[in-house]
Structure formats: C-alpha cells, structure tokens
Amino acid sequence: ELDIRRTKDGMLVLVHDDDVKRTTNGQGKVRDFSSADIRKLDAGSWFLPAFKNERVPALEEAFQLAKSQSDTLIALDIKYDDDTLAGEIVALAKKHNILDKVMCIGLAIDDPKLPARLRKEDAATPVGGDGKERKDLKEALGEKNSDWIYVRFMPTADEVKTIHKMGKRVFLVGKLVAGNEPENWRRAAEPGVDALLTDYPLECRDVFRKIQR
C-alpha cells in the first residue's frame, strides 16, 4: 500500500499523514514542502536506527521498483486529489508498464467522481469499490467504475463466488488480517480472496501457497 500526496511544486510523494512530523525529522504539511526540501528529511529513523536518512520516496521511484516485482499488487491509497492527479497516476503507471499491477483505493473509494476520472484516462485502470461492510456489498457490486471490492469483513465462499461472477476481485483489509493472523489468512485464502493487506507479507504468502497447492 502506497499513500499518495503532493508537494507544493507538484511532485507526487509517498507519505501517510498530511503532516510529516510523525514519520520524519521535520514538521509541517506535505503540501507546504517543495520536492527538494521534503527529500532532505530523514524518513527512516522513527522506525529503526538502521533506516536513518532514508528519504521520502517519489511515486515514480516506487513504480520503477515495481517493474521487477512480477507478482506484486500495489494498492494506491490516494490521500489527495486535484484536477490532474488521476491523469498523472495513470500516465506514470503506463510509463513503467505496471497499470495492471496497481489498484486505486483511498479517495478512489470515498469519492465516486475520482474512479470515473481514472477510468477516463484509461478504461483498464484497476479501481476498488466500497464494500467495507457486508451491507455495502450489493451496491459495490453494481459500481461500473470498479473491478475490485474493498472489504473489511471476512467474506464467505458464496460472497467471493458472487464477486467473481460479476467479474470483480476481492481485496481484504483491516484488523482481521493486518497483524500476524495465520488463521484469518487461511480463512481468506480458502474461499479465494484475491489479495489482502498485512504487515506480514512473507508469512501470509506462505499460508496462501499452502492453500493453493
């Protein structure tokens, strides 16, 4: 998952919060930094000393790395929007030949106008639909500008089958799977959940591979 924001001079960068204070040695809003100044910040020491002087990455740098990761799905958590953002994201993904590896969430789920703009740039742009709760699933299945269903509950085998029949895929997020949750990963893998968001990707991959053998 990559969190996308924009600097004051237009660079798309990867920062979770709208303020840099929590994850860098700086202070202030991302939108108030130039691209040069935000790249001077230490964005690694807060996590571990070994990552001291890691820099705030640009979205394009992440896309460049993704080209070599054939089985990686990149969830683009769009935290900021403006008139040109949809076009820039799609253009960058196509430039690096990874449009099929991304899936747009964040504001793309919360604002129905953004998925339409992303699809206008390229009809093949993968977008998540809002199925956060089970009661939202029917409406999410009818969203014409999405091909993923973003859920925060454990879907049943029948629900996964229905989603697949509609030509969409299932993306599971939230507390059920974010931590080291092998039993919940197994419960997701068995009915055919297509992807999930976790802080333990290698351990999760092992569980999925055992199920898929």
# chains A, B, ... in the order shown; residues from 1 in each chain; ligands from 1

call {"tool": "closest_atom_pairs", "arguments": {"of": "stretch 81-134 of chain A", "to": "stretch 144-165 of chain A", "cutoff": "8 Å", "atoms": "only C-alpha atoms", "output": "JSON lines"}}
result
{"residue": "A:Met103", "atom": "CA", "partner": "A:Trp148", "partner_atom": "CA", "distance": 7.8}
{"residue": "A:Pro115", "atom": "CA", "partner": "A:Asn145", "partner_atom": "CA", "distance": 5.8}
{"residue": "A:Ala116", "atom": "CA", "partner": "A:Asn145", "partner_atom": "CA", "distance": 6.0}
{"residue": "A:Arg119", "atom": "CA", "partner": "A:Asn145", "partner_atom": "CA", "distance": 6.8}
{"residue": "A:Pro126", "atom": "CA", "partner": "A:Asp147", "partner_atom": "CA", "distance": 6.1}
{"residue": "A:Val127", "atom": "CA", "partner": "A:Ser146", "partner_atom": "CA", "distance": 4.7}
{"residue": "A:Gly128", "atom": "CA", "partner": "A:Trp148", "partner_atom": "CA", "distance": 4.4}
{"residue": "A:Gly129", "atom": "CA", "partner": "A:Ile149", "partner_atom": "CA", "distance": 4.7}
{"residue": "A:Asp130", "atom": "CA", "partner": "A:Tyr150", "partner_atom": "CA", "distance": 5.5}
{"residue": "A:Gly131", "atom": "CA", "partner": "A:Val151", "partner_atom": "CA", "distance": 5.0}
{"residue": "A:Lys132", "atom": "CA", "partner": "A:Val151", "partner_atom": "CA", "distance": 4.2}
{"residue": "A:Glu133", "atom": "CA", "partner": "A:Arg152", "partner_atom": "CA", "distance": 6.2}
{"residue": "A:Arg134", "atom": "CA", "partner": "A:Phe153", "partner_atom": "CA", "distance": 6.9}

call {"tool": "residues_around", "arguments": {"residues": "A:Pro182", "least_positions_apart": "3", "cutoff": "7 Å", "atoms": "only C-alpha atoms", "output": "JSON, numbers by chain"}}
result
{"A": [185, 186, 204, 207]}

call {"tool": "atom_distance", "arguments": {"atom1": "atom CA of A:Val56", "atom2": "atom CA of A:Val15"}}
result
7.1 Å

call {"tool": "closest_residue", "arguments": {"among": "A:Ala140, A:Ala195, A:Ala91, A:Val170", "to": "A:Asp110", "atoms": "only C-alpha atoms"}}
result
A:Ala140

call {"tool": "closest_residue", "arguments": {"among": "A:Gln64, A:Lys29, A:Thr72, A:Leu41", "to": "A:Arg205", "atoms": "only C-alpha atoms"}}
result
A:Thr72

call {"tool": "residues_around", "arguments": {"residues": "A:Ile38", "least_positions_apart": "2", "cutoff": "10 Å", "atoms": "only C-alpha atoms", "output": "ChimeraX atom specification"}}
result
/A:7,13,20,24,26,30-36,40-43,55-57

call {"tool": "residues_around", "arguments": {"residues": "A:Ile89", "least_positions_apart": "5", "cutoff": "9 Å", "atoms": "only C-alpha atoms", "output": "MDAnalysis selection string"}}
result
chainID A and resid 12 59 84 94 118
